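Worksheet for the structure shown next.
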Amino acid sequence: MTAQLPLQLSPRPGLQLDDYLPGPNAQVLSALKEMLGPTGGGQLYLSGTAGSGKTHLLVGLCELAEARGLSAVYLPMAEHHAWQPAMLDGLEAMDLIAIDDVHLLATETDWEAALFALYNRARDLQRRMLFSASQGPARLPLALPDLRSRLGWGSAYRLQALSDEDKVLLLQREAGRRGLTLDSGVSAYILRHCPRHTPALLQLLERLDHAALAAQRRLTLPFVREQIQLHEDSDGRLATVSPTAADKES
Amino acid sequence: MQCVEEGERLRLLAPNAFVLDWVHNNYRDLLTRFLDETYGADAPELSLEIGSLRRTEVKKSHTGQTVSAPLAQQADPGRSEPSQLANINPSFSFETFVEGKSNQLARAAGMQIAENPGSMYNPLFVYGGVGLGKTHLMHAVGNLMASKHPGTRVLYLHSEGFVSEMVKALQHGTIDTFKQRMRSVNALLIDDVQFFAGKERTQEEFFHTFNALFDSQQQIILTSDRFPKEMEGLEDRLKSRFGWGLTVSVDSPDLETRVAILMSKAQQLFELELPPEVAFFIGKTVRSNIRELEGALRRTVANARFTGQPITLEFAKEALRDMIAAQDRQISIDNIQKTVAEYFKIRTSDLKSAKRNRAVARPRQLAMALAKELTNHSLPEIGEAFGGRDHTTVLYATRKVVELCETDTRIAEDYRNLLRTLSH
């Protein structure tokens with residue numbers, strides 16, 4: 001049978017706060033929503049490793065702010081090389097300013113100075129500010145200590161990794177969004193045999209989605225196992241996965 | 001960007017020229033095509049402009065009074081009319097400024113200046129590290145000055161604000177208005193003058209502003225992160241003028257002052273009586289500067305409100321665990337093996353060996369369980385790191401540790417200790 005070629009169209013990853021699976025980060029989610037409330041405001045700083053959900057939270061809060069009639073701007077500093085520091089001029093006019101991956105500006109003195117100036121203008125106007133970075137504010141390797149101390153002025157939260165149980169939930173929910181069914185046995189198999197970093201799991205799900213569509217198969221345990229093994233082989237790694245008693249138990 | 005529909009026109013408002021150019025160069029065609037395809041002959045005309053929606057936002061002021069502020073006007077300092085107290089934060093007063101050994105001279109000088117502006121210490125130059133209260137002190141002087149001398153015109157500007165207002169004035173040909181605005185005040189408060197370094201045109205303009213105010217005996221207050229003579233990239237004539245009046249330092253607050261600051265901020269920000277033992281704990285833990293002290297307090301209070309628990313010493317310790325601990329450290333399997341080996345006084349190589357005696361097997365199981373808990377490695381990867389073991393061995397080990405933690409208090413304690421050591 002000829003394999004079907006799937007179109008490269010994936011559902012847009014949910015970047016609404018309501019789609020965020022908080023797991024151990026429920027307080028962070030609550031603090032973010034509070035920023036938009038009647039007694040809210042101020043600033044919040046989120047740190048976490050790549051893939052811990054920082055971008056989701058920043059974009060999600062901006063979306064929520066706009067849905068409530070507030071103006072919001074989201075700036076991913078991963079793209080700052082394509083811009084100039086003048087990009088930050090006048091942004092204090094926004095009700096919410098969200099700057100993602102602040103650590104990427106470290107030692108770029110022009111950018112640090114521009115962010116520092118924006119911070120001061122925005123704070124004078126009591127704007128809401130949300131920052132994210134890989135490290136906590138005290139550890140940011142910024143050349144401007146003034147900026148570092150200001151970033152640490154509000155509450156700072158470290159995003160905690162989801163538990164394996166939450167990751168199963170996330171996988172199943174994302175599968176559902178793609179119109180797939182991922183039963184608990186298959187989810188557990190994935191968690192046991194694959195890297196458990198959340199973005200890696202979501203990428204795997206995307207691959208499985210494409211493969212299932214191409215092969216016109218459901219996500220059964222034998223199919224998923226075969227796909228994982230194929231991927232490991234194509235990566236040039238040893239295929240360490242083999243069906244075992246433990247797998248059969250599940 | 002913000003969007004406004006006006007009849008047959010769709011206005012997109014960019015916050016600055018950079019965004020305007022960016023959207024124009026990268027998205028204009030796409031947007032126009034989208035509008036044409038969607039609306040056909042009825043497609044609105046697209047216009048790109050710099051600006052923002054003029055909405056009136058009702059906000060609580062620092063004093064708790066309700067004020068109405070037009071956003072766009074606030075965002076553009078060039079358009080705002082100078083008030084008696086321009087840019088002065090009313091909550092930064094001497095009442096909320098906690099005095100300690102580290103800042104008492106600066107505070108005393110500030111209070112005297114507020115009583116007799118322009119005559120005693122002019123300029124007042126306050127220097128010290130970041131987050132030690134220099135800005136608070138400046139605002140407090142401005143507030144007190146205004147209450148003691150009705151009709152006083154006080155203008156506070158961060159040095160970056162001075163630069164950007166001047167640049168805008170030059171661009172718009174309104175430099176005379178700018179000069180007039182700077183030179184017509186009774187007190188000019190400029191924060192962080194070290195940022196004037198290397199900006200020659202700004203220094204030139206500020207030099208003349210300084211002279212005009214000084215000659216007419218108007219008060220000048222400046223802050224910096226260093227002593228005037230240590231500022232590189234600043235003209236000598238400015239450095240020397242900065243030292244004409246009184247130069248005072250503010251240092252890091254000692255423990256007692258940090259505790260007093262915490263208790264005062266808890267009252268001021270949250271109307272909360274912070275238990276002294278909690279204030280001492282936070283004060284001992286966060287030593288760097290007052291901003292981080294406030295950040296730690298905010299975090300503790302947020303945790304208490306979220307969980308509905310009272311703020312006790314134990315609660316504060318738990319709430320600040322993230323801040324105190326080196327949470328940013330990446331935990332690797334190597335690190336886990338090293339820590340577990342040290343804890344049980346065995347060799348790291350034992351954990352990877354084939355040895356199956358309990359003195360090695362139990363720590364190995366704990367290390368595997370910790371690797372599953374604290375890293376994102378797959379079970380086969382974890383097994384591989386422990387001497388090429390099968391992933392089912394890792395699965396067995398983690399289940400065994402969960403079971404042992406419920407039945408054996410010593411193992412439960414070992415696991416908790418290791419978890420704490422590795423997470424902190």
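Please note that chains go A, B, ... in the order of the structure tokens, that every chain numbers its residues from 1, and that ligands are numbered from 1 in the order shown.
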So that I can see what lies close to region 296-299 of chain B, please list as a PyMOL selection string the residues with an atom at most 12 Å from it, counting only C-alpha atoms and leaving out residues fewer than 5 positions away in the same chain.
(chain A and resi 27-28+31+42-45+137-138+152-158) or (chain B and resi 258-259+261-270+272+274+278-291+304-306+311+315-324)
Output C-alpha atoms for every residue in the selection just made, as a PDB file, in the first residue's frame.
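Final output, selection12.pdb:
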```
ATOM      1  CA  GLN A  27       0.723  29.265  42.217  1.00  0.00           C
ATOM      2  CA  VAL A  28       2.555  30.798  39.276  1.00  0.00           C
ATOM      3  CA  ALA A  31      -0.047  34.973  40.390  1.00  0.00           C
ATOM      4  CA  GLY A  42       3.433  45.044  39.462  1.00  0.00           C
ATOM      5  CA  GLN A  43       5.984  42.714  38.032  1.00  0.00           C
ATOM      6  CA  LEU A  44       6.680  39.013  37.947  1.00  0.00           C
ATOM      7  CA  TYR A  45       9.764  37.098  36.955  1.00  0.00           C
ATOM      8  CA  PRO A 137      17.372  37.442  38.631  1.00  0.00           C
ATOM      9  CA  ALA A 138      20.274  37.287  41.087  1.00  0.00           C
ATOM     10  CA  GLY A 152      14.406  40.995  41.229  1.00  0.00           C
ATOM     11  CA  TRP A 153      12.082  43.628  42.664  1.00  0.00           C
ATOM     12  CA  GLY A 154       8.860  41.671  42.282  1.00  0.00           C
ATOM     13  CA  SER A 155       8.039  38.049  42.986  1.00  0.00           C
ATOM     14  CA  ALA A 156      10.308  35.580  41.223  1.00  0.00           C
ATOM     15  CA  TYR A 157       9.220  32.018  40.533  1.00  0.00           C
ATOM     16  CA  ARG A 158      11.160  29.041  39.313  1.00  0.00           C
TER      17      ARG A 158
ATOM     18  CA  ARG B 258      17.140  44.942  56.858  1.00  0.00           C
ATOM     19  CA  VAL B 259      14.737  43.561  59.467  1.00  0.00           C
ATOM     20  CA  ILE B 261      12.908  47.553  56.311  1.00  0.00           C
ATOM     21  CA  LEU B 262      11.083  44.239  55.924  1.00  0.00           C
ATOM     22  CA  MET B 263       8.667  44.990  58.735  1.00  0.00           C
ATOM     23  CA  SER B 264       8.018  48.457  57.381  1.00  0.00           C
ATOM     24  CA  LYS B 265       7.460  47.199  53.831  1.00  0.00           C
ATOM     25  CA  ALA B 266       5.152  44.433  55.041  1.00  0.00           C
ATOM     26  CA  GLN B 267       3.027  47.064  56.716  1.00  0.00           C
ATOM     27  CA  GLN B 268       3.204  49.506  53.838  1.00  0.00           C
ATOM     28  CA  LEU B 269       2.653  47.068  50.955  1.00  0.00           C
ATOM     29  CA  PHE B 270       0.389  44.467  52.550  1.00  0.00           C
ATOM     30  CA  LEU B 272       0.740  43.008  57.524  1.00  0.00           C
ATOM     31  CA  LEU B 274       5.484  40.446  59.876  1.00  0.00           C
ATOM     32  CA  VAL B 278      10.381  35.751  59.936  1.00  0.00           C
ATOM     33  CA  ALA B 279      11.837  39.196  59.265  1.00  0.00           C
ATOM     34  CA  PHE B 280      15.149  38.074  60.817  1.00  0.00           C
ATOM     35  CA  PHE B 281      15.154  34.930  58.702  1.00  0.00           C
ATOM     36  CA  ILE B 282      14.528  36.791  55.435  1.00  0.00           C
ATOM     37  CA  GLY B 283      16.968  39.537  56.467  1.00  0.00           C
ATOM     38  CA  LYS B 284      19.689  36.991  57.146  1.00  0.00           C
ATOM     39  CA  THR B 285      18.994  35.150  53.921  1.00  0.00           C
ATOM     40  CA  VAL B 286      18.787  38.070  51.483  1.00  0.00           C
ATOM     41  CA  ARG B 287      21.714  40.397  52.039  1.00  0.00           C
ATOM     42  CA  SER B 288      22.401  41.931  48.654  1.00  0.00           C
ATOM     43  CA  ASN B 289      20.016  44.870  48.376  1.00  0.00           C
ATOM     44  CA  ILE B 290      16.620  46.238  49.339  1.00  0.00           C
ATOM     45  CA  ARG B 291      14.946  45.373  46.028  1.00  0.00           C
ATOM     46  CA  ALA B 304       0.802  32.638  52.149  1.00  0.00           C
ATOM     47  CA  ARG B 305      -2.146  34.104  50.293  1.00  0.00           C
ATOM     48  CA  PHE B 306      -2.171  31.292  47.758  1.00  0.00           C
ATOM     49  CA  ILE B 311       3.434  33.312  57.811  1.00  0.00           C
ATOM     50  CA  PHE B 315       6.483  28.663  56.238  1.00  0.00           C
ATOM     51  CA  ALA B 316       8.930  31.403  55.232  1.00  0.00           C
ATOM     52  CA  LYS B 317      11.759  28.883  54.966  1.00  0.00           C
ATOM     53  CA  GLU B 318       9.691  26.739  52.655  1.00  0.00           C
ATOM     54  CA  ALA B 319       8.423  29.698  50.631  1.00  0.00           C
ATOM     55  CA  LEU B 320      11.899  31.017  50.003  1.00  0.00           C
ATOM     56  CA  ARG B 321      13.440  27.665  49.237  1.00  0.00           C
ATOM     57  CA  ASP B 322      13.413  28.528  45.543  1.00  0.00           C
ATOM     58  CA  MET B 323      15.136  31.813  46.103  1.00  0.00           C
ATOM     59  CA  ILE B 324      17.712  30.582  48.557  1.00  0.00           C
TER      60      ILE B 324
END
```
Counting only C-alpha atoms, a student should be able to say which residues of chain A come within 6 Å of chain B; what is the right answer, written as a PyMOL selection string?
chain A and resi 87+89-91+93+135+146+152-155+192-197
Coordinates-based distance that separates CA of Ala169 (chain B) from CA of Gln218 (chain B) (Å, one decimal)
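Interatomic distance, CA of Gln218 (chain B) to CA of Ala169 (chain B): 23.2 Å.
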List as a list in words the protein and nucleic acid residues near Val102 (chain A), meaning an atom at most 7 Å away when only C-alpha atoms are counted, but skip any in the same chain fewer than 6 places from it.
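Everything that qualifies: Met77, Phe131, Ser132 and Ala133 of chain A.
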Saved selection, atoms kept: N, CA, C and O atoms, as an mmCIF file, in the first residue's frame:
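Written out: out.cif:
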```
data_model
loop_
_atom_site.group_PDB
_atom_site.id
_atom_site.type_symbol
_atom_site.label_atom_id
_atom_site.label_comp_id
_atom_site.auth_asym_id
_atom_site.auth_seq_id
_atom_site.Cartn_x
_atom_site.Cartn_y
_atom_site.Cartn_z
ATOM 1 N N MET A 77 13.104 37.519 23.175
ATOM 2 C CA MET A 77 14.463 38.008 22.982
ATOM 3 C C MET A 77 15.329 37.032 22.188
ATOM 4 O O MET A 77 16.439 37.364 21.797
ATOM 5 N N PHE A 131 8.697 39.050 33.096
ATOM 6 C CA PHE A 131 9.971 38.683 32.487
ATOM 7 C C PHE A 131 10.168 37.179 32.613
ATOM 8 O O PHE A 131 9.687 36.558 33.560
ATOM 9 N N SER A 132 10.925 36.636 31.670
ATOM 10 C CA SER A 132 11.325 35.245 31.832
ATOM 11 C C SER A 132 12.803 35.123 31.485
ATOM 12 O O SER A 132 13.341 35.918 30.716
ATOM 13 N N ALA A 133 13.434 34.134 32.093
ATOM 14 C CA ALA A 133 14.852 33.878 31.805
ATOM 15 C C ALA A 133 15.182 32.469 32.249
ATOM 16 O O ALA A 133 14.392 31.816 32.936
#
```
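Residues within 10 Å of Asp183 (chain A), counting only C-alpha atoms and excluding same-chain residues fewer than 2 positions away, are Val168, Leu171, Gln172, Ala175, Leu180, Thr181, Gly185, Val186, Ser187, Ala188, Leu219, Thr220 and Leu221 of chain A.
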Neighbouring residues of Ala211 (chain A) were defined as those with any atom within 9 Å, considering only C-alpha atoms; residues of the same chain fewer than 5 positions away were excluded. Please report them as an MDAnalysis selection string.
chainID A and resid 6 206 216:217 227
Pull the helix (DSSP H, G or I) assignments for region 16-228 of chain A out of DSSP run on the backbone, and list those residues as a PyMOL selection string.
chain A and resi 17-19+23-35+54-67+77-82+85-88+91-93+102-105+109-124+137-139+145-151+164-177+184-193+198-215+221-228
